[in-house]
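Okay, so here's the structure we're looking at.
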Amino acid sequence: RMASTMGIEAAAQKLLNPNGDEFDVSLLDDVVNAAYSPTDPNRAMANKALMALQETPDVWTKADAILERAQNPQSRFFGLQVLDDAIRTRWRVLPAEQRNGIKNYVVGKVIQVSSDEALASNEKVFLSKLNLTLVQILKQEWPHNWPTFIPDLVGSSKTSEVLCENNMQILKLLSEEIFDFSRDQMVTQKVKKMKESLNSEFAAIYHLCEFILDHSQRPSLLKVTLQTLQRFLTWIPLGFIFQTNLVDTLLNKFFPEPLFRNDTLDCLTEIGSLADLEPEYDPIFRKLFGGFLARLGNIFSPETDLAQPFENGSEDDCVFIQRLALFLTGFLKAHLKALETPDTQQSLIAGLFYLVRVSEVDEVEIFRICLEAWHMLAHDLYQTENEFKRPGSMTPVLNLGNNGRSNSAASRKYMYGPVLTGVRQVMIAKMAKPEEVLIVEDENGDIVRETTKDTDVIAQYKTMRETLVYLTHLNCDDTESIMLSKLTAQVNGTEWSWNNLNTLCWAIGSISGAMTEDEEKRFLVTVIKDLLGLCEQKRGKDNKAVIASNIMYVVGQYPRFLKAHWKFLKTVVNKLFEFMHEVHPGVQDMACDTFLKIATKCRRKFVTLQTDERVPFISELVETMPSIISDLEPHQVQAFYEAVGCMLSDKGPAVTVDRADLLEKLMEMPNFRWKMIMEQANGNVESLVEPNTIKEIIKILKTNNKTCGSIGSIYANQLQTFFMDVLNVYKVYSERISATIAQQGPSATQLSLVRTMRSAKKEVLRLLIVFIEKSGPPEADPQAVAQGFIPPVLDPILGDYQRNIPNSRDPEVLSLFTTVVEKLKGHILSDVPRIMDAVFECTLQMITVNFEDYPEHRIRFFEFIRAVNSHCFQALFNIHPEHQKLVVDSVVWAMKHTERNISDTGLNILNELLQNVGKTPNIAQGFYQQYLLALIQDVFAVMTDRLHKSGFKMHATLLRYMFHLVQMNQVTVPLYDPPNTTPGKANPAFLRDHISNLLIQSFPNLTRTQVSKFVDGMFDLKMDLPTFKTHLRDFLIQLKEFSVEDNSSLYGEEQEAQKRQQLEAQEAHRSAVPGLLKPSEIIDEDL
């Protein structure tokens, strides 16, 4: 073999530099063989050589030689690839004769291969790639330079069926390229022109398709013609569909034939899904639907169970059922109202029964297609019924009666009644898993704890839940009786299975709120009793785990019922305590999650005295707590403390328990552990740095953190008991970390012990952050907190932060003092300079080296500056003047940041800073003189750098504020350097000249007139913010740098406002329909 004798490297060199010799195709074959052979030792080198050859500018000129003479099919694909690249990237710069040469060669090659049936069959893949190359040329040349393409193609198609078959493929590709894939690759004008050409010449294409469908006996040609037609049906003029025999041919000639059925159904789906047409087309669609059902009835009836045929059928059968789902859902979404007439009512119901059968098939994608239609139908019927029920409603209702009388919305609901029962059965049997359920069956049939969230399943659950809520509103009794009969079948064992019980309980949980309180009570009493009975009756760990998971999910969804029925609530909570000893994976987690959910929603029940009880439940709970939580993991114990804290947070007038006393009892266990550790440390401080002791301390702090977060300001009583201890522990760990770093250098931060000590420090900081957030009167008054809390933390925490090396500074310190400033506001004004002194300069040095390092410190730092600016503005001007300049510089630096959340924070701080300065006359003029001009330039720089388009609204707000400030003569000090400027020049005139010169220097493509007009607008006081934004936007789009880019971000604010309105409308709708909001999303007014 030639390449192996001379070596791949030499062969590659010869191909890259032929030195006047003819291009050696056989050498290329050898290199390609080596590149595609998995065992060839030269494979990597050959691949490299091919990539280098592909990047050679004139390699495309060898494409014809490669395509004609290469023996290896992969070499020919390589030849096509380089030709494709040249067409895509170099076509415009090639001379006309070369373009024609390529065009004629490709067309000739396509005709040569596709005219010969044997050759076309052997070269199938090559021919399809060749067709794509031809379409690439068409995208460049047609219609302007190749107006005869469509007539030529249609003409040649009539000469041979084999050639015609390939021509259909080309048309199919062309339609796909123009209508489906063109968005990212061609400019809009070009796509528009091609669409217009295709439209104007479609008659010829249509007649060719019609001719083939009427006369051809060749199955492969008929199939490709149907597929091509399907691509065109979405956009062709409607006359070709409705004023020809097309629908009749498809329905009566091709749909009955199994070979063509699926492609025909695709075409019918495109036609059936055409929406928003004039009412005169409705009779045609009614006829089409009736005709389709008659043909479908010859294949199977609406009563046929499709689950088995789908399971055991051929691939074509499965594709048919999927496409049937698409046809029925598309048709019903587009024409439901048109089919609700006396004549077509029967067809409509039959069609819906077919869709119920398709929905029962065990295939997720098919079910999701059907689900869309059921959601639409249930929502639509609910809307109609609600309009009908609403007092004073004058909605015209559909005339569905045979005697011409106007029937109410009720008749519409009853018409669909039998179908909706079928839909309820399917929804309940196939209910998707809710997010709260943590216990799943794995692929081996074992019950395990879920490890990852499946977002598709969560989205499907949401849609199914909404659909079932609407269906319950439409007929609550039907939903209830289906659920209860399925539950009976679980209890008596006739339909017992994990999956059946799961889907049933998920469905029961999903309709919470859709029934009236009385209906819900009657229903749930049965459900909970049956589930608790089932739990006692079934044996086996896995069975118990599945039943437990379902009991917990259902009770967690019905807080309204539990609040109204103390006996049930008490039974359920005691059952949860039982499950907390069940070590099956996931059961304890769900028990703690459900307990927290119930404690949040029913907290008052636990802290007030209930009928037949001696004391409020919480008093017994804190006594028996040690035994309840004895088998729980640390994170589960923390969730339990959070739940009890949540109960104790209720301080309503009905609550008579001593909350402080109960809190003390609640914290006895962690406090005892803490005391033991402290006693040990008093004897020997080394015990504090034992890894196990540090882990124990972290656990205790996390438990306190969760309790504090849920119980609120009364936690101050608990914090007082160990506050100084906590700060001492923090100090010990800080000193130990610093000493280790001093001995072993910065890499010591990676040592296991250092990392554990840092975790403990972070937990201290998190606890203090939560305490400050939750502080408030009467137990933790802001002034008392500022006096008692701030002084002791300054040195251990701030001093440590300042002294440490950058890698061991915790960003939580910045979060803590941001929270302190936001919560305590003016009470800590005198401490702000000290805080800033400690964190400001050292953090700034960490984050201004580049835009990447210390991302957490970065965002926390700017949040801190924003808090000081908002709540302790005076303090900014009580610090050292150099630090004042650093504050302004850091805000400008944030504004220029490429990370959006940081640049947005910078812009917001600057806006608030300017507003605050404007309200403080003794600071304002000095500030303007030193910073205003530079700030205007900085905002301009950020706005025009094309990296910050999303901040456009804020750029406009700031510029308008600053320019109007100058124009209204509120800046009384000169903005310019007096010795270098014409005496007596006013600030507005100076700023106008300064900005004009700046813009002309920065953007040479702008004329003086454009700049002058723009700058005049900037000073126009009559401009409100929307007008000012339009003025700025128009200017930016004129800039050469912006004109070639996607500028949609400049309209981001409007798009966000539109999205916000849509979301608000959705939320308003969800709130108006009982049951659409989950119980956890509803805010309880009485708590």
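Letters A, B, ... mark the chains of the structure tokens in the order given; residue numbers begin at 1 per chain; ligand numbers begin at 1, in order shown.
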Q | Those of range 788-899 of chain A in DSSP alpha helix (DSSP H), formatted as a count of residues only | A | 75
Excluding same-chain residues fewer than 3 positions from Leu233 in chain A, what lies within 12 Å of it counting only C-alpha atoms, as a PDB file with N, CA, C and O atoms, in the first residue's frame?
ATOM      1  N   LYS A 172     -38.174  18.061  -0.309  1.00  0.00           N
ATOM      2  CA  LYS A 172     -38.419  17.905   1.141  1.00  0.00           C
ATOM      3  C   LYS A 172     -37.324  18.633   1.929  1.00  0.00           C
ATOM      4  O   LYS A 172     -37.593  19.394   2.860  1.00  0.00           O
ATOM      5  N   SER A 175     -37.696  22.469   1.686  1.00  0.00           N
ATOM      6  CA  SER A 175     -38.745  23.009   2.561  1.00  0.00           C
ATOM      7  C   SER A 175     -38.266  23.036   4.011  1.00  0.00           C
ATOM      8  O   SER A 175     -38.471  24.010   4.732  1.00  0.00           O
ATOM      9  N   GLU A 176     -37.598  21.942   4.433  1.00  0.00           N
ATOM     10  CA  GLU A 176     -37.097  21.889   5.820  1.00  0.00           C
ATOM     11  C   GLU A 176     -36.087  23.003   6.068  1.00  0.00           C
ATOM     12  O   GLU A 176     -36.127  23.698   7.081  1.00  0.00           O
ATOM     13  N   PHE A 179     -37.984  26.504   5.972  1.00  0.00           N
ATOM     14  CA  PHE A 179     -39.041  26.793   6.944  1.00  0.00           C
ATOM     15  C   PHE A 179     -38.725  26.334   8.361  1.00  0.00           C
ATOM     16  O   PHE A 179     -39.283  26.835   9.311  1.00  0.00           O
ATOM     17  N   ASN A 199     -43.566  29.753  -2.652  1.00  0.00           N
ATOM     18  CA  ASN A 199     -45.017  29.911  -2.688  1.00  0.00           C
ATOM     19  C   ASN A 199     -45.515  30.113  -4.107  1.00  0.00           C
ATOM     20  O   ASN A 199     -46.483  29.492  -4.547  1.00  0.00           O
ATOM     21  N   PHE A 202     -45.336  27.022  -6.149  1.00  0.00           N
ATOM     22  CA  PHE A 202     -45.825  25.799  -5.532  1.00  0.00           C
ATOM     23  C   PHE A 202     -46.821  25.064  -6.423  1.00  0.00           C
ATOM     24  O   PHE A 202     -46.938  23.843  -6.339  1.00  0.00           O
ATOM     25  N   TYR A 206     -47.137  21.182  -6.549  1.00  0.00           N
ATOM     26  CA  TYR A 206     -48.348  20.501  -6.129  1.00  0.00           C
ATOM     27  C   TYR A 206     -48.849  19.568  -7.237  1.00  0.00           C
ATOM     28  O   TYR A 206     -49.223  18.416  -6.986  1.00  0.00           O
ATOM     29  N   LEU A 226     -45.547  11.539  -0.157  1.00  0.00           N
ATOM     30  CA  LEU A 226     -46.372  11.865   1.014  1.00  0.00           C
ATOM     31  C   LEU A 226     -45.546  12.607   2.063  1.00  0.00           C
ATOM     32  O   LEU A 226     -46.008  13.578   2.665  1.00  0.00           O
ATOM     33  N   GLN A 227     -44.282  12.154   2.261  1.00  0.00           N
ATOM     34  CA  GLN A 227     -43.427  12.824   3.257  1.00  0.00           C
ATOM     35  C   GLN A 227     -43.110  14.260   2.830  1.00  0.00           C
ATOM     36  O   GLN A 227     -43.096  15.181   3.653  1.00  0.00           O
ATOM     37  N   THR A 228     -42.859  14.446   1.514  1.00  0.00           N
ATOM     38  CA  THR A 228     -42.558  15.801   1.013  1.00  0.00           C
ATOM     39  C   THR A 228     -43.784  16.694   1.174  1.00  0.00           C
ATOM     40  O   THR A 228     -43.696  17.839   1.625  1.00  0.00           O
ATOM     41  N   LEU A 229     -44.936  16.145   0.813  1.00  0.00           N
ATOM     42  CA  LEU A 229     -46.183  16.897   0.924  1.00  0.00           C
ATOM     43  C   LEU A 229     -46.408  17.354   2.368  1.00  0.00           C
ATOM     44  O   LEU A 229     -46.785  18.504   2.619  1.00  0.00           O
ATOM     45  N   GLN A 230     -46.109  16.447   3.329  1.00  0.00           N
ATOM     46  CA  GLN A 230     -46.308  16.785   4.747  1.00  0.00           C
ATOM     47  C   GLN A 230     -45.482  18.009   5.130  1.00  0.00           C
ATOM     48  O   GLN A 230     -45.940  18.880   5.858  1.00  0.00           O
ATOM     49  N   ILE A 236     -48.393  26.019   2.774  1.00  0.00           N
ATOM     50  CA  ILE A 236     -48.885  26.294   1.407  1.00  0.00           C
ATOM     51  C   ILE A 236     -50.231  27.010   1.444  1.00  0.00           C
ATOM     52  O   ILE A 236     -50.953  26.935   2.439  1.00  0.00           O
ATOM     53  N   PRO A 237     -50.576  27.733   0.365  1.00  0.00           N
ATOM     54  CA  PRO A 237     -51.886  28.395   0.327  1.00  0.00           C
ATOM     55  C   PRO A 237     -53.013  27.373   0.548  1.00  0.00           C
ATOM     56  O   PRO A 237     -52.959  26.258   0.029  1.00  0.00           O
ATOM     57  N   LEU A 238     -54.047  27.791   1.311  1.00  0.00           N
ATOM     58  CA  LEU A 238     -55.090  26.852   1.729  1.00  0.00           C
ATOM     59  C   LEU A 238     -55.870  26.263   0.554  1.00  0.00           C
ATOM     60  O   LEU A 238     -56.407  25.163   0.643  1.00  0.00           O
ATOM     61  N   GLY A 239     -55.910  27.003  -0.548  1.00  0.00           N
ATOM     62  CA  GLY A 239     -56.659  26.518  -1.721  1.00  0.00           C
ATOM     63  C   GLY A 239     -56.181  25.146  -2.181  1.00  0.00           C
ATOM     64  O   GLY A 239     -56.973  24.298  -2.609  1.00  0.00           O
ATOM     65  N   PHE A 240     -54.870  24.917  -2.104  1.00  0.00           N
ATOM     66  CA  PHE A 240     -54.327  23.623  -2.542  1.00  0.00           C
ATOM     67  C   PHE A 240     -54.823  22.478  -1.666  1.00  0.00           C
ATOM     68  O   PHE A 240     -54.850  21.333  -2.094  1.00  0.00           O
ATOM     69  N   ILE A 241     -55.210  22.800  -0.426  1.00  0.00           N
ATOM     70  CA  ILE A 241     -55.680  21.738   0.475  1.00  0.00           C
ATOM     71  C   ILE A 241     -57.186  21.535   0.322  1.00  0.00           C
ATOM     72  O   ILE A 241     -57.667  20.416   0.188  1.00  0.00           O
ATOM     73  N   PHE A 242     -57.926  22.670   0.332  1.00  0.00           N
ATOM     74  CA  PHE A 242     -59.379  22.553   0.457  1.00  0.00           C
ATOM     75  C   PHE A 242     -60.146  22.676  -0.866  1.00  0.00           C
ATOM     76  O   PHE A 242     -61.329  22.427  -0.898  1.00  0.00           O
ATOM     77  N   LEU A 246     -57.213  16.641  -2.583  1.00  0.00           N
ATOM     78  CA  LEU A 246     -56.117  16.142  -1.748  1.00  0.00           C
ATOM     79  C   LEU A 246     -56.631  15.380  -0.519  1.00  0.00           C
ATOM     80  O   LEU A 246     -56.212  14.244  -0.268  1.00  0.00           O
ATOM     81  N   VAL A 247     -57.553  15.998   0.243  1.00  0.00           N
ATOM     82  CA  VAL A 247     -58.016  15.361   1.483  1.00  0.00           C
ATOM     83  C   VAL A 247     -58.684  14.026   1.158  1.00  0.00           C
ATOM     84  O   VAL A 247     -58.448  13.007   1.828  1.00  0.00           O
ATOM     85  N   THR A 264     -49.468   9.074   5.599  1.00  0.00           N
ATOM     86  CA  THR A 264     -50.737   9.773   5.315  1.00  0.00           C
ATOM     87  C   THR A 264     -51.256  10.449   6.587  1.00  0.00           C
ATOM     88  O   THR A 264     -51.716  11.594   6.556  1.00  0.00           O
ATOM     89  N   ASP A 266     -49.532  11.555   9.011  1.00  0.00           N
ATOM     90  CA  ASP A 266     -48.729  12.773   9.217  1.00  0.00           C
ATOM     91  C   ASP A 266     -49.309  13.941   8.439  1.00  0.00           C
ATOM     92  O   ASP A 266     -49.409  15.062   8.947  1.00  0.00           O
ATOM     93  N   CYS A 267     -49.655  13.688   7.169  1.00  0.00           N
ATOM     94  CA  CYS A 267     -50.239  14.761   6.327  1.00  0.00           C
ATOM     95  C   CYS A 267     -51.568  15.223   6.921  1.00  0.00           C
ATOM     96  O   CYS A 267     -51.846  16.427   7.002  1.00  0.00           O
ATOM     97  N   LEU A 268     -52.414  14.266   7.317  1.00  0.00           N
ATOM     98  CA  LEU A 268     -53.724  14.626   7.877  1.00  0.00           C
ATOM     99  C   LEU A 268     -53.571  15.406   9.185  1.00  0.00           C
ATOM    100  O   LEU A 268     -54.370  16.293   9.486  1.00  0.00           O
ATOM    101  N   THR A 269     -52.515  15.073   9.972  1.00  0.00           N
ATOM    102  CA  THR A 269     -52.275  15.802  11.224  1.00  0.00           C
ATOM    103  C   THR A 269     -51.959  17.262  10.924  1.00  0.00           C
ATOM    104  O   THR A 269     -52.463  18.171  11.589  1.00  0.00           O
ATOM    105  N   GLU A 270     -51.117  17.499   9.902  1.00  0.00           N
ATOM    106  CA  GLU A 270     -50.785  18.888   9.534  1.00  0.00           C
ATOM    107  C   GLU A 270     -52.051  19.643   9.130  1.00  0.00           C
ATOM    108  O   GLU A 270     -52.259  20.784   9.518  1.00  0.00           O
ATOM    109  N   ILE A 271     -52.907  18.974   8.347  1.00  0.00           N
ATOM    110  CA  ILE A 271     -54.143  19.644   7.878  1.00  0.00           C
ATOM    111  C   ILE A 271     -55.080  19.872   9.078  1.00  0.00           C
ATOM    112  O   ILE A 271     -55.593  20.972   9.285  1.00  0.00           O
ATOM    113  N   GLY A 272     -55.256  18.830   9.889  1.00  0.00           N
ATOM    114  CA  GLY A 272     -56.192  18.910  11.022  1.00  0.00           C
ATOM    115  C   GLY A 272     -55.772  19.924  12.072  1.00  0.00           C
ATOM    116  O   GLY A 272     -56.607  20.440  12.812  1.00  0.00           O
ATOM    117  N   SER A 273     -54.458  20.205  12.141  1.00  0.00           N
ATOM    118  CA  SER A 273     -53.976  21.136  13.183  1.00  0.00           C
ATOM    119  C   SER A 273     -53.987  22.587  12.726  1.00  0.00           C
ATOM    120  O   SER A 273     -53.595  23.472  13.487  1.00  0.00           O
ATOM    121  N   LEU A 274     -54.390  22.847  11.472  1.00  0.00           N
ATOM    122  CA  LEU A 274     -54.432  24.246  10.999  1.00  0.00           C
ATOM    123  C   LEU A 274     -55.466  25.006  11.833  1.00  0.00           C
ATOM    124  O   LEU A 274     -56.636  24.639  11.850  1.00  0.00           O
TER     125      LEU A 274
END
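Between Ile618 in chain A and the candidates A:Lys570, A:Lys433, A:His827, A:Arg834, the tightest atom-to-atom separation, counting only C-alpha atoms, involves A:Lys570.
A straight line drawn from CA of Val689 in chain A to CA of Leu794 in chain A is 23.2 Å long.
Our summary of the geometry notes that CA of Asp248 in chain A is positioned 18.7 Å from CA of Ala203 in chain A.
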Q | All residues 8 Å or closer to Ile677 in chain A, only C-alpha atoms, same chain fewer than 4 positions away omitted, as a PyMOL selection string | A | chain A and resi 673+681+688+693
Residues as selected, N, CA, C and O atoms, written as an mmCIF file, in the first residue's frame, can you do that?
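What landed in again20.cif:
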data_model
loop_
_atom_site.group_PDB
_atom_site.id
_atom_site.type_symbol
_atom_site.label_atom_id
_atom_site.label_comp_id
_atom_site.auth_asym_id
_atom_site.auth_seq_id
_atom_site.Cartn_x
_atom_site.Cartn_y
_atom_site.Cartn_z
ATOM 1 N N ARG A 673 -25.177 18.566 75.831
ATOM 2 C CA ARG A 673 -23.979 18.164 75.067
ATOM 3 C C ARG A 673 -22.980 19.314 75.037
ATOM 4 O O ARG A 673 -21.778 19.127 75.206
ATOM 5 N N ALA A 681 -13.323 21.470 77.732
ATOM 6 C CA ALA A 681 -12.408 22.484 77.194
ATOM 7 C C ALA A 681 -11.813 23.332 78.316
ATOM 8 O O ALA A 681 -10.667 23.777 78.222
ATOM 9 N N LEU A 688 -11.083 20.872 72.250
ATOM 10 C CA LEU A 688 -11.950 21.551 71.263
ATOM 11 C C LEU A 688 -11.525 21.276 69.827
ATOM 12 O O LEU A 688 -12.326 21.409 68.910
ATOM 13 N N THR A 693 -15.042 16.209 68.252
ATOM 14 C CA THR A 693 -15.657 17.297 69.035
ATOM 15 C C THR A 693 -16.124 18.408 68.096
ATOM 16 O O THR A 693 -17.228 18.958 68.262
#
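Comparing A:Cys708, A:Pro585, A:Ile694, A:Met943 by their smallest distance to Tyr641 in chain A, the closest is A:Cys708 (using only C-alpha atoms).
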With only C-alpha atoms as the counted atoms, please give the residues lying no more than 12 Å from Ser37 in chain A, apart from itself and same-chain residues fewer than 5 positions off, as a JSON list (two decimals) with N, CA and C atoms, in the first residue's frame.
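Output file selection-v3.json is given in full below:
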[["chain", "number", "residue", "atom", "x", "y", "z"],
["A", 30, "ASP", "N", -5.72, 6.14, 1.21],
["A", 30, "ASP", "CA", -4.90, 5.47, 2.22],
["A", 30, "ASP", "C", -4.97, 6.21, 3.56],
["A", 31, "VAL", "N", -4.86, 7.54, 3.49],
["A", 31, "VAL", "CA", -4.91, 8.33, 4.73],
["A", 31, "VAL", "C", -6.28, 8.16, 5.40],
["A", 32, "VAL", "N", -7.35, 8.19, 4.59],
["A", 32, "VAL", "CA", -8.71, 8.04, 5.14],
["A", 32, "VAL", "C", -8.87, 6.64, 5.75],
["A", 42, "ASN", "N", -1.47, 4.45, 13.08],
["A", 42, "ASN", "CA", -1.29, 5.84, 12.60],
["A", 42, "ASN", "C", -2.60, 6.62, 12.61],
["A", 43, "ARG", "N", -3.59, 6.07, 13.30],
["A", 43, "ARG", "CA", -4.94, 6.67, 13.20],
["A", 43, "ARG", "C", -4.96, 8.16, 13.60],
["A", 44, "ALA", "N", -4.36, 8.48, 14.76],
["A", 44, "ALA", "CA", -4.38, 9.87, 15.26],
["A", 44, "ALA", "C", -3.69, 10.81, 14.27],
["A", 46, "ALA", "N", -3.32, 10.34, 11.04],
["A", 46, "ALA", "CA", -4.14, 10.45, 9.82],
["A", 46, "ALA", "C", -5.29, 11.43, 10.03],
["A", 47, "ASN", "N", -5.92, 11.36, 11.21],
["A", 47, "ASN", "CA", -7.02, 12.30, 11.52],
["A", 47, "ASN", "C", -6.54, 13.74, 11.49],
["A", 74, "GLN", "N", -15.69, 6.79, 2.53],
["A", 74, "GLN", "CA", -15.41, 7.89, 3.47],
["A", 74, "GLN", "C", -14.62, 9.01, 2.79]]
Q. In Å to one decimal, how far is CA of Gly79 in chain A from CA of Ala63 in chain A?
A. 4.8 Å
Q: Extract, using only C-alpha atoms, all DNA, RNA and protein residues at most 10 Å from range 27-29 of chain A, discarding same-chain residues fewer than 4 positions from it, and format them as a ChimeraX atom specification.
A: /A:1-4,8,11-12,14-15,23,33-35,46,49-50,53,66,69-76,78
Go ahead and write the selection's residues with C-alpha atoms as an mmCIF file, in the first residue's frame.
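The result, written out as result_7.cif:
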data_model
loop_
_atom_site.group_PDB
_atom_site.id
_atom_site.type_symbol
_atom_site.label_atom_id
_atom_site.label_comp_id
_atom_site.auth_asym_id
_atom_site.auth_seq_id
_atom_site.Cartn_x
_atom_site.Cartn_y
_atom_site.Cartn_z
ATOM 1 C CA ARG A 1 0.000 0.000 0.000
ATOM 2 C CA MET A 2 1.357 3.345 -1.145
ATOM 3 C CA ALA A 3 0.812 5.389 2.066
ATOM 4 C CA SER A 4 2.192 2.750 4.378
ATOM 5 C CA ILE A 8 1.334 8.544 6.785
ATOM 6 C CA ALA A 11 1.605 11.083 2.494
ATOM 7 C CA ALA A 12 -0.108 13.901 4.393
ATOM 8 C CA LYS A 14 2.332 15.341 -0.256
ATOM 9 C CA LEU A 15 -1.439 15.888 -0.115
ATOM 10 C CA PHE A 23 -3.742 15.646 -6.516
ATOM 11 C CA ASN A 33 -8.402 4.237 5.615
ATOM 12 C CA ALA A 34 -5.909 4.817 8.419
ATOM 13 C CA ALA A 35 -8.112 7.527 10.016
ATOM 14 C CA ALA A 46 -4.139 10.445 9.822
ATOM 15 C CA ALA A 49 -3.695 15.237 8.454
ATOM 16 C CA LEU A 50 -7.343 15.184 7.275
ATOM 17 C CA LEU A 53 -6.224 19.235 4.598
ATOM 18 C CA ILE A 66 -12.075 12.978 -5.113
ATOM 19 C CA ARG A 69 -11.878 8.612 -8.412
ATOM 20 C CA ALA A 70 -11.940 7.771 -4.675
ATOM 21 C CA GLN A 71 -12.424 4.086 -3.864
ATOM 22 C CA ASN A 72 -13.199 4.547 -0.158
ATOM 23 C CA PRO A 73 -16.772 5.816 0.539
ATOM 24 C CA GLN A 74 -15.408 7.892 3.471
ATOM 25 C CA SER A 75 -13.036 9.685 1.061
ATOM 26 C CA ARG A 76 -16.005 10.694 -1.064
ATOM 27 C CA PHE A 78 -14.633 13.965 2.789
#
**Q.** 10 Å contact set for range 567-569 of chain A, only C-alpha atoms, chain neighbours under 3 positions out, as a VMD selection string
**A.** chain A and resid 525 528 to 529 555 559 561 to 564 572 to 575 598 602 605 to 606 610 to 612
Q: Considering only C-alpha atoms, state which residue in the set A:Asp40, A:Glu519, A:Asp478, A:Asp305 is at the smallest distance from Gly417 in chain A.
A: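 Smallest distance to Gly417 in chain A is found for A:Asp478.
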